[in-house]
Amino acid sequence: MSSQPIRALDPKYYTDSAFFEKERQTLLASTWQYASHVSQIPNSGDYFRLEIAGESLFCVRGKKGEIRTFYNVCQHRGHEIVTHESGNTRMLVCPYHSWSYDLGGRLRNGPNLDAVEGLDKGSICLPQVRTDEFCGFIFVNLDPDAKSMDEVFPGVREELREFVPHIDELAPLEYVAIEEDCNWKVSVENYSECYHCSANHHTFVDGIIKPETYRISHVGYTLQHTTECQNLDRMSYPVDPESNPRATQYKSWFLWPGFSFQVYPGNVLNTYHWRPMAVDKVMVYRGWYTIGGEESDVIRGLAEQDRDTTVAEDVRLVESVQRGLKSRGYQGGPLVVDPTGGVMSEHSIVALNNWVREAIDA
Ligand code: FES
Ligand SMILES: [Fe+2]
């Protein structure tokens, strides 16, 4: 019996708003989502607001430096507590009737509360959301029973430190938002295969990586891309091969479902973050990091080159795919899965599609 090729997901997974709503309730509410970098809240009382899976949340740094995330909802009558995008405060005070909570989320006081018989102030707390700091990057998960990041993304923390020994000292040099008119999965799938690279990304293929060494593997819920850097005389920016044992390698760790660490040759850390906005809209954030966020001509130039080439090229591809997915003339085609792997294979798409089905059907 001959086996059949594995097919791409049904187009409705990318175009149906009811399906997107289901994803928000299931997939996006049970996976680790990127919130921000620790450098955004260096001091006790610093906070910022964020929205995950349609829920308003905020992260705040406590008195002892610990980072907590709370649902942004007062336990009195439901007003939002934090109304600014970011700031610093000693107490979290609800604007509606001035109930105040400490940085640990415990109710401290409120007007006339002592008049309420039987009210146990100590039992009232803002509900917390699971939070993990991953090498300086803050992630949250709405599912209290979710497995830890180290279980879901085994070994990544350690390996990342090997590639970027100075990771704890980094801060963003730039963090740029790119709006894409497509479903978030179209963008993530495009990111996760390099079958399209040679036809579309000339700068990346000729001036950064060596395509014949490109490999994609999956470990836990990560997709890891590895390749050697291009011959040094062809590199589009200077790399000192002696500076670090990993200096001539490229590696990325995509953390399902919406974040990726990338280390460009020269141990340059940069990130991708996808935030699904609607069934056909995703915000992609591209971050580039230096020690303390200090200016660097080389990294600034590399970030600009990346935006003008790889990122711009990908925006055109994913938006065209989204239009195609809405066509009556498309049903979901066969994927090119090469049993030997390599750059011309889409086995990583199979993994992504399985993770989607698994989360939705759970
Ligand atoms: S709703 Fe917050 S104090 Fe009343
Ligand atoms: Fe691409």
# chains A, B, ... in the order shown; residues from 1 in each chain; ligands from 1
>>> residues_near_ligand(ligand="ligand 2", cutoff="7 Å", atoms="only C-alpha atoms and all ligand atoms", output="PDB file with N, CA, C and O atoms, in the first residue's frame")
ATOM      1  N   ASN A 190       5.433  30.199   8.082  1.00  0.00           N
ATOM      2  CA  ASN A 190       6.410  30.762   7.152  1.00  0.00           C
ATOM      3  C   ASN A 190       7.774  30.904   7.837  1.00  0.00           C
ATOM      4  O   ASN A 190       8.810  30.580   7.270  1.00  0.00           O
ATOM      5  N   TYR A 191       7.722  31.342   9.083  1.00  0.00           N
ATOM      6  CA  TYR A 191       8.967  31.490   9.854  1.00  0.00           C
ATOM      7  C   TYR A 191       9.658  30.137  10.050  1.00  0.00           C
ATOM      8  O   TYR A 191      10.877  30.063  10.124  1.00  0.00           O
ATOM      9  N   CYS A 194      12.368  26.766   5.777  1.00  0.00           N
ATOM     10  CA  CYS A 194      13.289  27.535   4.929  1.00  0.00           C
ATOM     11  C   CYS A 194      13.256  26.992   3.497  1.00  0.00           C
ATOM     12  O   CYS A 194      14.148  27.255   2.705  1.00  0.00           O
ATOM     13  N   HIS A 196      11.261  28.085   1.472  1.00  0.00           N
ATOM     14  CA  HIS A 196      11.021  29.277   0.641  1.00  0.00           C
ATOM     15  C   HIS A 196      12.245  30.212   0.611  1.00  0.00           C
ATOM     16  O   HIS A 196      12.217  31.212  -0.089  1.00  0.00           O
ATOM     17  N   CYS A 197      13.297  29.882   1.371  1.00  0.00           N
ATOM     18  CA  CYS A 197      14.396  30.855   1.533  1.00  0.00           C
ATOM     19  C   CYS A 197      15.132  31.161   0.229  1.00  0.00           C
ATOM     20  O   CYS A 197      15.341  32.329  -0.105  1.00  0.00           O
ATOM     21  N   HIS A 201      14.785  34.934  -0.054  1.00  0.00           N
ATOM     22  CA  HIS A 201      15.628  35.665   0.910  1.00  0.00           C
ATOM     23  C   HIS A 201      17.089  35.659   0.471  1.00  0.00           C
ATOM     24  O   HIS A 201      17.911  34.941   1.040  1.00  0.00           O
ATOM     25  N   THR A 310      14.707  40.293   4.821  1.00  0.00           N
ATOM     26  CA  THR A 310      13.945  39.114   5.276  1.00  0.00           C
ATOM     27  C   THR A 310      12.530  39.463   5.737  1.00  0.00           C
ATOM     28  O   THR A 310      11.554  38.825   5.316  1.00  0.00           O
ATOM     29  N   GLU A 313      10.324  40.796   2.896  1.00  0.00           N
ATOM     30  CA  GLU A 313      10.046  39.705   1.957  1.00  0.00           C
ATOM     31  C   GLU A 313       8.981  38.768   2.530  1.00  0.00           C
ATOM     32  O   GLU A 313       8.052  38.339   1.829  1.00  0.00           O
ATOM     33  N   ASP A 314       9.096  38.472   3.835  1.00  0.00           N
ATOM     34  CA  ASP A 314       8.126  37.569   4.466  1.00  0.00           C
ATOM     35  C   ASP A 314       6.728  38.193   4.549  1.00  0.00           C
ATOM     36  O   ASP A 314       5.731  37.483   4.405  1.00  0.00           O
TER      37      ASP A 314
END
>>> residues_near_ligand(ligand="ligand 1", cutoff="7 Å", atoms="only C-alpha atoms and all ligand atoms", output="PyMOL selection string")
chain A and resi 74-79+81+94-99
>>> write_last_selection(atoms="N, CA and C atoms", output="mmCIF file, in the first residue's frame")
data_model
loop_
_atom_site.group_PDB
_atom_site.id
_atom_site.type_symbol
_atom_site.label_atom_id
_atom_site.label_comp_id
_atom_site.auth_asym_id
_atom_site.auth_seq_id
_atom_site.Cartn_x
_atom_site.Cartn_y
_atom_site.Cartn_z
ATOM 1 N N CYS A 74 -10.552 44.360 39.580
ATOM 2 C CA CYS A 74 -10.757 44.582 41.006
ATOM 3 C C CYS A 74 -11.743 43.550 41.549
ATOM 4 N N GLN A 75 -11.457 43.049 42.748
ATOM 5 C CA GLN A 75 -12.279 41.991 43.326
ATOM 6 C C GLN A 75 -13.541 42.551 43.987
ATOM 7 N N HIS A 76 -13.736 43.870 43.899
ATOM 8 C CA HIS A 76 -14.961 44.469 44.407
ATOM 9 C C HIS A 76 -16.056 44.349 43.353
ATOM 10 N N ARG A 77 -16.122 45.268 42.396
ATOM 11 C CA ARG A 77 -17.191 45.179 41.399
ATOM 12 C C ARG A 77 -16.660 45.124 39.975
ATOM 13 N N GLY A 78 -15.347 44.780 39.871
ATOM 14 C CA GLY A 78 -14.860 44.393 38.547
ATOM 15 C C GLY A 78 -14.230 45.481 37.685
ATOM 16 N N HIS A 79 -13.992 46.669 38.235
ATOM 17 C CA HIS A 79 -13.309 47.694 37.438
ATOM 18 C C HIS A 79 -11.871 47.241 37.176
ATOM 19 N N ILE A 81 -7.986 47.606 37.321
ATOM 20 C CA ILE A 81 -7.147 48.266 38.329
ATOM 21 C C ILE A 81 -6.138 49.198 37.654
ATOM 22 N N CYS A 94 -7.644 50.831 42.928
ATOM 23 C CA CYS A 94 -8.704 50.767 41.916
ATOM 24 C C CYS A 94 -9.342 52.151 41.772
ATOM 25 N N PRO A 95 -9.490 52.636 40.540
ATOM 26 C CA PRO A 95 -10.026 53.987 40.340
ATOM 27 C C PRO A 95 -11.516 54.111 40.688
ATOM 28 N N TYR A 96 -12.246 52.992 40.808
ATOM 29 C CA TYR A 96 -13.698 53.086 40.974
ATOM 30 C C TYR A 96 -14.061 53.522 42.404
ATOM 31 N N HIS A 97 -13.709 52.692 43.414
ATOM 32 C CA HIS A 97 -14.051 53.069 44.798
ATOM 33 C C HIS A 97 -12.827 53.073 45.715
ATOM 34 N N SER A 98 -11.642 53.107 45.075
ATOM 35 C CA SER A 98 -10.374 53.262 45.802
ATOM 36 C C SER A 98 -10.001 52.097 46.707
ATOM 37 N N TRP A 99 -10.403 50.909 46.401
ATOM 38 C CA TRP A 99 -9.836 49.775 47.132
ATOM 39 C C TRP A 99 -8.352 49.718 46.756
#
>>> closest_atom_pairs(of="segment 305-352 of chain A", to="segment 175-185 of chain A", cutoff="9 Å", atoms="only C-alpha atoms", output="CSV")
residue,atom,partner,partner_atom,distance
A:Val311,CA,A:Ile178,CA,8.6
A:Val315,CA,A:Glu180,CA,6.3
A:Arg316,CA,A:Glu180,CA,8.9
A:Val318,CA,A:Cys182,CA,6.4
A:Glu319,CA,A:Cys182,CA,5.5
A:Ser320,CA,A:Cys182,CA,8.5
A:Val321,CA,A:Cys182,CA,7.9
A:Gln322,CA,A:Cys182,CA,5.2
A:Arg323,CA,A:Cys182,CA,8.2
A:Leu352,CA,A:Lys185,CA,8.6
>>> closest_residue(among="A:Gln128, A:Thr222, A:Thr290, A:Ser39", to="Pro144 of chain A", atoms="only C-alpha atoms")
A:Gln128
>>> closest_atom_pairs(of="segment 81-133 of chain A", to="segment 9-32 of chain A", cutoff="9 Å", atoms="only C-alpha atoms", output="CSV")
residue,atom,partner,partner_atom,distance
A:Arg130,CA,A:Trp32,CA,9.0
A:Thr131,CA,A:Trp32,CA,8.8
A:Asp132,CA,A:Trp32,CA,8.9
>>> write_last_selection(atoms="N, CA and C atoms", output="mmCIF file, in the first residue's frame")
data_model
loop_
_atom_site.group_PDB
_atom_site.id
_atom_site.type_symbol
_atom_site.label_atom_id
_atom_site.label_comp_id
_atom_site.auth_asym_id
_atom_site.auth_seq_id
_atom_site.Cartn_x
_atom_site.Cartn_y
_atom_site.Cartn_z
ATOM 1 N N ARG A 130 0.307 32.461 36.107
ATOM 2 C CA ARG A 130 1.644 31.840 36.097
ATOM 3 C C ARG A 130 2.627 32.722 35.328
ATOM 4 N N THR A 131 3.796 32.930 35.916
ATOM 5 C CA THR A 131 4.793 33.821 35.313
ATOM 6 C C THR A 131 6.150 33.144 35.416
ATOM 7 N N ASP A 132 6.919 33.192 34.358
ATOM 8 C CA ASP A 132 8.275 32.640 34.414
ATOM 9 C C ASP A 132 9.228 33.615 33.742
#
>>> select_by_dssp(residues="segment 257-309 of chain A", states="helix (DSSP H, G or I)", output="MDAnalysis selection string")
chainID A and resid 297:309
>>> residues_around(residues="Tyr221 of chain A", least_positions_apart="6", cutoff="7 Å", atoms="only C-alpha atoms", output="count of residues only")
4
>>> atom_distance(atom1="atom CA of Ser44 of chain A", atom2="atom CA of Arg108 of chain A")
17.8 Å
>>> residues_around(residues="segment 331-348 of chain A", least_positions_apart="3", cutoff="9 Å", atoms="only C-alpha atoms", output="short mmCIF file (atom, residue, chain, number, x, y, z; two decimals) with all heavy atoms, in the first residue's frame")
data_model
loop_
_atom_site.label_atom_id
_atom_site.label_comp_id
_atom_site.auth_asym_id
_atom_site.auth_seq_id
_atom_site.Cartn_x
_atom_site.Cartn_y
_atom_site.Cartn_z
N GLN A 4 0.13 8.16 1.51
CA GLN A 4 -0.28 9.44 0.91
C GLN A 4 0.52 10.58 1.52
O GLN A 4 0.87 10.52 2.69
CB GLN A 4 -1.77 9.68 1.23
CG GLN A 4 -2.70 8.70 0.55
CD GLN A 4 -2.69 8.88 -0.96
OE1 GLN A 4 -2.80 10.00 -1.46
NE2 GLN A 4 -2.52 7.78 -1.69
N PRO A 5 0.79 11.65 0.74
CA PRO A 5 1.48 12.80 1.34
C PRO A 5 0.66 13.43 2.46
O PRO A 5 -0.58 13.38 2.43
CB PRO A 5 1.63 13.79 0.18
CG PRO A 5 1.01 13.18 -1.01
CD PRO A 5 0.48 11.83 -0.67
N ILE A 6 1.34 14.00 3.42
CA ILE A 6 0.64 14.73 4.49
C ILE A 6 0.18 16.06 3.91
O ILE A 6 0.92 16.72 3.18
CB ILE A 6 1.61 14.96 5.68
CG1 ILE A 6 2.04 13.62 6.25
CG2 ILE A 6 0.95 15.83 6.76
CD1 ILE A 6 3.13 13.72 7.29
N ARG A 7 -1.07 16.44 4.23
CA ARG A 7 -1.61 17.67 3.64
C ARG A 7 -1.57 18.82 4.63
O ARG A 7 -1.58 18.62 5.85
CB ARG A 7 -3.05 17.44 3.18
CG ARG A 7 -3.15 16.32 2.13
CD ARG A 7 -4.48 16.36 1.41
NE ARG A 7 -4.52 17.38 0.37
CZ ARG A 7 -4.12 17.20 -0.87
NH1 ARG A 7 -3.60 16.05 -1.27
NH2 ARG A 7 -4.20 18.18 -1.75
N ALA A 8 -1.53 20.03 4.08
CA ALA A 8 -1.61 21.24 4.90
C ALA A 8 -2.96 21.29 5.61
O ALA A 8 -3.92 20.63 5.18
CB ALA A 8 -1.44 22.48 4.02
N LEU A 9 -3.06 22.07 6.68
CA LEU A 9 -4.32 22.21 7.41
C LEU A 9 -5.41 22.76 6.49
O LEU A 9 -5.12 23.52 5.56
CB LEU A 9 -4.17 23.20 8.57
CG LEU A 9 -3.46 22.77 9.85
CD1 LEU A 9 -3.47 23.94 10.83
CD2 LEU A 9 -4.09 21.54 10.47
N ASP A 10 -6.64 22.41 6.81
CA ASP A 10 -7.78 22.95 6.08
C ASP A 10 -7.76 24.48 6.18
O ASP A 10 -7.52 25.03 7.25
CB ASP A 10 -9.06 22.39 6.72
CG ASP A 10 -10.29 22.73 5.91
OD1 ASP A 10 -10.62 23.92 5.81
OD2 ASP A 10 -10.91 21.79 5.37
N PRO A 11 -8.02 25.18 5.06
CA PRO A 11 -7.94 26.66 5.08
C PRO A 11 -8.81 27.31 6.15
O PRO A 11 -8.49 28.40 6.62
CB PRO A 11 -8.43 27.06 3.67
CG PRO A 11 -8.18 25.86 2.83
CD PRO A 11 -8.28 24.66 3.70
N GLU A 189 4.17 29.58 10.46
CA GLU A 189 4.58 28.50 9.56
C GLU A 189 5.64 28.99 8.57
O GLU A 189 6.62 28.29 8.30
CB GLU A 189 3.37 27.95 8.78
CG GLU A 189 2.44 27.14 9.66
CD GLU A 189 1.21 26.66 8.92
OE1 GLU A 189 1.17 26.70 7.68
OE2 GLU A 189 0.26 26.23 9.61
N SER A 192 8.85 29.07 10.14
CA SER A 192 9.36 27.79 10.59
C SER A 192 9.89 26.88 9.50
O SER A 192 10.28 25.75 9.78
CB SER A 192 8.27 27.06 11.40
OG SER A 192 7.93 27.82 12.53
N GLU A 193 9.83 27.31 8.26
CA GLU A 193 10.46 26.50 7.20
C GLU A 193 11.35 27.40 6.35
O GLU A 193 11.11 28.60 6.24
CB GLU A 193 9.41 25.78 6.34
CG GLU A 193 8.26 26.64 5.80
CD GLU A 193 8.51 27.22 4.42
OE1 GLU A 193 9.62 27.11 3.90
OE2 GLU A 193 7.55 27.82 3.88
N CYS A 194 12.37 26.77 5.78
CA CYS A 194 13.29 27.53 4.93
C CYS A 194 13.26 26.99 3.50
O CYS A 194 14.15 27.25 2.71
CB CYS A 194 14.70 27.52 5.52
SG CYS A 194 15.65 29.01 5.19
N TYR A 195 12.19 26.25 3.19
CA TYR A 195 11.95 25.75 1.83
C TYR A 195 11.76 26.95 0.90
O TYR A 195 12.05 26.88 -0.29
CB TYR A 195 10.69 24.87 1.90
CG TYR A 195 10.22 24.18 0.63
CD1 TYR A 195 11.10 23.55 -0.23
CD2 TYR A 195 8.85 24.12 0.36
CE1 TYR A 195 10.62 22.90 -1.37
CE2 TYR A 195 8.37 23.46 -0.77
CZ TYR A 195 9.26 22.86 -1.63
OH TYR A 195 8.78 22.22 -2.74
N HIS A 196 11.26 28.08 1.47
CA HIS A 196 11.02 29.28 0.64
C HIS A 196 12.25 30.21 0.61
O HIS A 196 12.22 31.21 -0.09
CB HIS A 196 9.80 30.05 1.16
CG HIS A 196 10.02 30.77 2.47
ND1 HIS A 196 9.91 30.16 3.69
CD2 HIS A 196 10.35 32.05 2.73
CE1 HIS A 196 10.17 31.04 4.66
NE2 HIS A 196 10.44 32.19 4.11
N CYS A 197 13.30 29.88 1.37
CA CYS A 197 14.40 30.85 1.53
C CYS A 197 15.13 31.16 0.23
O CYS A 197 15.34 32.33 -0.11
CB CYS A 197 15.39 30.37 2.59
SG CYS A 197 14.73 30.45 4.27
N PRO A 211 23.01 27.64 3.38
CA PRO A 211 21.78 26.84 3.27
C PRO A 211 22.02 25.32 3.27
O PRO A 211 21.22 24.57 3.81
CB PRO A 211 21.19 27.27 1.93
CG PRO A 211 21.87 28.53 1.56
CD PRO A 211 23.17 28.61 2.29
N GLU A 212 23.15 24.89 2.69
CA GLU A 212 23.36 23.43 2.62
C GLU A 212 23.57 22.81 4.00
O GLU A 212 23.49 21.59 4.15
CB GLU A 212 24.51 23.08 1.65
CG GLU A 212 25.88 23.65 1.99
CD GLU A 212 26.13 25.08 1.46
OE1 GLU A 212 25.15 25.84 1.26
OE2 GLU A 212 27.31 25.43 1.28
N THR A 213 23.81 23.63 5.03
CA THR A 213 23.98 23.09 6.38
C THR A 213 22.73 23.29 7.24
O THR A 213 22.74 23.02 8.44
CB THR A 213 25.18 23.76 7.10
OG1 THR A 213 24.86 25.15 7.31
CG2 THR A 213 26.45 23.65 6.31
N TYR A 214 21.65 23.82 6.64
CA TYR A 214 20.46 24.19 7.41
C TYR A 214 19.69 22.95 7.86
O TYR A 214 19.36 22.08 7.07
CB TYR A 214 19.55 25.06 6.53
CG TYR A 214 18.66 26.01 7.29
CD1 TYR A 214 19.05 27.33 7.50
CD2 TYR A 214 17.44 25.61 7.80
CE1 TYR A 214 18.24 28.22 8.19
CE2 TYR A 214 16.62 26.49 8.49
CZ TYR A 214 17.03 27.80 8.67
OH TYR A 214 16.23 28.67 9.35
N ARG A 215 19.37 22.88 9.15
CA ARG A 215 18.61 21.76 9.70
C ARG A 215 17.53 22.30 10.62
O ARG A 215 17.76 23.26 11.34
CB ARG A 215 19.51 20.84 10.55
CG ARG A 215 20.63 20.14 9.79
CD ARG A 215 20.11 18.96 8.97
NE ARG A 215 21.16 18.38 8.12
CZ ARG A 215 21.45 18.80 6.89
NH1 ARG A 215 20.80 19.82 6.35
NH2 ARG A 215 22.41 18.23 6.18
N ILE A 216 16.38 21.63 10.62
CA ILE A 216 15.32 22.00 11.57
C ILE A 216 14.92 20.74 12.33
O ILE A 216 14.62 19.71 11.71
CB ILE A 216 14.07 22.56 10.86
CG1 ILE A 216 14.45 23.72 9.92
CG2 ILE A 216 13.03 23.02 11.88
CD1 ILE A 216 13.31 24.25 9.08
N SER A 217 14.94 20.84 13.66
CA SER A 217 14.52 19.67 14.44
C SER A 217 13.52 20.12 15.47
O SER A 217 13.44 21.31 15.78
CB SER A 217 15.74 19.05 15.14
OG SER A 217 16.34 20.02 15.95
N HIS A 218 12.70 19.17 15.97
CA HIS A 218 11.86 19.59 17.08
C HIS A 218 12.14 18.80 18.34
O HIS A 218 12.36 17.61 18.33
CB HIS A 218 10.37 19.69 16.69
CG HIS A 218 9.66 18.40 16.49
ND1 HIS A 218 9.51 17.82 15.27
CD2 HIS A 218 9.00 17.64 17.37
CE1 HIS A 218 8.81 16.72 15.41
NE2 HIS A 218 8.48 16.57 16.67
N LEU A 223 10.89 24.31 17.93
CA LEU A 223 11.48 23.99 16.64
C LEU A 223 12.83 24.70 16.63
O LEU A 223 12.89 25.90 16.91
CB LEU A 223 10.61 24.51 15.49
CG LEU A 223 9.29 23.76 15.27
CD1 LEU A 223 8.42 24.52 14.28
CD2 LEU A 223 9.53 22.34 14.76
N LEU A 325 -5.68 31.57 0.89
CA LEU A 325 -6.42 30.64 1.76
C LEU A 325 -7.92 30.92 1.71
O LEU A 325 -8.73 30.06 2.04
CB LEU A 325 -5.91 30.76 3.21
CG LEU A 325 -4.52 30.19 3.46
CD1 LEU A 325 -3.99 30.62 4.82
CD2 LEU A 325 -4.52 28.67 3.36
N SER A 327 -9.45 31.69 -1.04
CA SER A 327 -9.93 31.38 -2.39
C SER A 327 -10.72 30.08 -2.43
O SER A 327 -10.36 29.10 -1.77
CB SER A 327 -8.72 31.26 -3.33
OG SER A 327 -9.10 30.65 -4.53
N ARG A 328 -11.80 30.08 -3.22
CA ARG A 328 -12.56 28.84 -3.43
C ARG A 328 -11.71 27.81 -4.15
O ARG A 328 -12.03 26.63 -4.18
CB ARG A 328 -13.77 29.11 -4.32
CG ARG A 328 -14.84 29.90 -3.65
CD ARG A 328 -15.89 30.21 -4.71
NE ARG A 328 -16.79 31.24 -4.23
CZ ARG A 328 -18.11 31.11 -4.24
NH1 ARG A 328 -18.67 30.04 -4.74
NH2 ARG A 328 -18.86 32.08 -3.78
N ALA A 351 4.77 19.35 12.37
CA ALA A 351 4.80 19.47 13.84
C ALA A 351 3.87 20.59 14.30
O ALA A 351 3.05 20.41 15.21
CB ALA A 351 6.22 19.72 14.32
N LEU A 352 3.96 21.75 13.65
CA LEU A 352 3.10 22.89 14.04
C LEU A 352 1.62 22.53 13.90
O LEU A 352 0.81 22.82 14.79
CB LEU A 352 3.41 24.11 13.16
CG LEU A 352 4.76 24.79 13.38
CD1 LEU A 352 5.00 25.83 12.29
CD2 LEU A 352 4.82 25.45 14.75
N ASN A 353 1.28 21.90 12.77
CA ASN A 353 -0.13 21.56 12.53
C ASN A 353 -0.64 20.56 13.57
O ASN A 353 -1.78 20.65 14.03
CB ASN A 353 -0.32 21.00 11.12
CG ASN A 353 -0.07 22.08 10.06
OD1 ASN A 353 0.14 23.24 10.38
ND2 ASN A 353 -0.09 21.69 8.80
#
>>> atom_distance(atom1="atom CA of Ala247 of chain A", atom2="atom CA of Pro154 of chain A")
22.9 Å
>>> residues_around(residues="Pro172 of chain A", least_positions_apart="6", cutoff="7 Å", atoms="only C-alpha atoms", output="list of chain:residue names")
A:Gly287, A:Trp288, A:Tyr289, A:Thr290, A:Gly293
>>> closest_residue(among="A:Glu174, A:Lys121, A:Val73, A:Ser198", to="Glu304 of chain A", atoms="only C-alpha atoms")
A:Glu174
>>> closest_residue(among="A:Asp102, A:Asn200, A:Asn72, A:Gly266", to="Glu228 of chain A", atoms="only C-alpha atoms")
A:Gly266
>>> select_by_dssp(residues="segment 210-331 of chain A", states="strand (DSSP E)", output="number ranges by chain")
A: 215-219, 222-228, 249-255, 259-264, 268-278, 281-291
>>> atom_distance(atom1="atom CA of Ile208 of chain A", atom2="atom CA of Leu317 of chain A")
20.4 Å
>>> closest_residue(among="A:Val140, A:Ala115, A:Leu92, A:Leu302", to="Leu173 of chain A", atoms="only C-alpha atoms")
A:Leu302
>>> closest_residue(among="A:Gly62, A:Pro111, A:Tyr101, A:Leu50", to="Glu85 of chain A", atoms="only C-alpha atoms")
A:Leu50
>>> decode(residues="segment 233-250 of chain A", atoms="N, CA and C atoms", output="PDB file, in the first residue's frame")
ATOM      1  N   ASP A 233      34.023  35.903   4.147  1.00  0.00           N
ATOM      2  CA  ASP A 233      34.199  36.987   3.164  1.00  0.00           C
ATOM      3  C   ASP A 233      32.883  37.328   2.461  1.00  0.00           C
ATOM      4  N   ARG A 234      31.861  36.502   2.645  1.00  0.00           N
ATOM      5  CA  ARG A 234      30.565  36.798   2.015  1.00  0.00           C
ATOM      6  C   ARG A 234      29.534  37.308   3.023  1.00  0.00           C
ATOM      7  N   MET A 235      29.902  37.299   4.308  1.00  0.00           N
ATOM      8  CA  MET A 235      28.952  37.744   5.338  1.00  0.00           C
ATOM      9  C   MET A 235      28.577  39.210   5.116  1.00  0.00           C
ATOM     10  N   SER A 236      27.304  39.514   5.391  1.00  0.00           N
ATOM     11  CA  SER A 236      26.816  40.879   5.161  1.00  0.00           C
ATOM     12  C   SER A 236      27.128  41.806   6.328  1.00  0.00           C
ATOM     13  N   TYR A 237      27.777  41.282   7.373  1.00  0.00           N
ATOM     14  CA  TYR A 237      28.240  42.127   8.487  1.00  0.00           C
ATOM     15  C   TYR A 237      29.448  41.427   9.102  1.00  0.00           C
ATOM     16  N   PRO A 238      30.304  42.160   9.828  1.00  0.00           N
ATOM     17  CA  PRO A 238      31.537  41.551  10.330  1.00  0.00           C
ATOM     18  C   PRO A 238      31.298  40.597  11.507  1.00  0.00           C
ATOM     19  N   VAL A 239      31.954  39.425  11.444  1.00  0.00           N
ATOM     20  CA  VAL A 239      31.885  38.458  12.541  1.00  0.00           C
ATOM     21  C   VAL A 239      33.307  38.046  12.901  1.00  0.00           C
ATOM     22  N   ASP A 240      33.619  38.070  14.204  1.00  0.00           N
ATOM     23  CA  ASP A 240      34.934  37.625  14.656  1.00  0.00           C
ATOM     24  C   ASP A 240      34.808  36.163  15.089  1.00  0.00           C
ATOM     25  N   PRO A 241      35.345  35.226  14.266  1.00  0.00           N
ATOM     26  CA  PRO A 241      35.132  33.802  14.559  1.00  0.00           C
ATOM     27  C   PRO A 241      35.799  33.353  15.855  1.00  0.00           C
ATOM     28  N   GLU A 242      36.770  34.127  16.333  1.00  0.00           N
ATOM     29  CA  GLU A 242      37.511  33.739  17.540  1.00  0.00           C
ATOM     30  C   GLU A 242      36.825  34.196  18.825  1.00  0.00           C
ATOM     31  N   SER A 243      35.793  35.026  18.693  1.00  0.00           N
ATOM     32  CA  SER A 243      35.253  35.674  19.891  1.00  0.00           C
ATOM     33  C   SER A 243      34.522  34.709  20.825  1.00  0.00           C
ATOM     34  N   ASN A 244      34.042  33.585  20.285  1.00  0.00           N
ATOM     35  CA  ASN A 244      33.252  32.650  21.087  1.00  0.00           C
ATOM     36  C   ASN A 244      33.178  31.341  20.312  1.00  0.00           C
ATOM     37  N   PRO A 245      33.149  30.166  21.009  1.00  0.00           N
ATOM     38  CA  PRO A 245      33.089  28.889  20.285  1.00  0.00           C
ATOM     39  C   PRO A 245      31.872  28.770  19.360  1.00  0.00           C
ATOM     40  N   ARG A 246      30.797  29.521  19.644  1.00  0.00           N
ATOM     41  CA  ARG A 246      29.585  29.451  18.824  1.00  0.00           C
ATOM     42  C   ARG A 246      29.492  30.599  17.819  1.00  0.00           C
ATOM     43  N   ALA A 247      30.550  31.392  17.698  1.00  0.00           N
ATOM     44  CA  ALA A 247      30.462  32.642  16.931  1.00  0.00           C
ATOM     45  C   ALA A 247      30.107  32.432  15.453  1.00  0.00           C
ATOM     46  N   THR A 248      30.465  31.266  14.892  1.00  0.00           N
ATOM     47  CA  THR A 248      30.200  31.089  13.456  1.00  0.00           C
ATOM     48  C   THR A 248      28.928  30.282  13.206  1.00  0.00           C
ATOM     49  N   GLN A 249      28.111  30.117  14.265  1.00  0.00           N
ATOM     50  CA  GLN A 249      26.871  29.355  14.084  1.00  0.00           C
ATOM     51  C   GLN A 249      25.652  30.253  14.160  1.00  0.00           C
ATOM     52  N   TYR A 250      24.591  29.760  13.532  1.00  0.00           N
ATOM     53  CA  TYR A 250      23.283  30.401  13.642  1.00  0.00           C
ATOM     54  C   TYR A 250      22.376  29.373  14.306  1.00  0.00           C
TER      55      TYR A 250
END
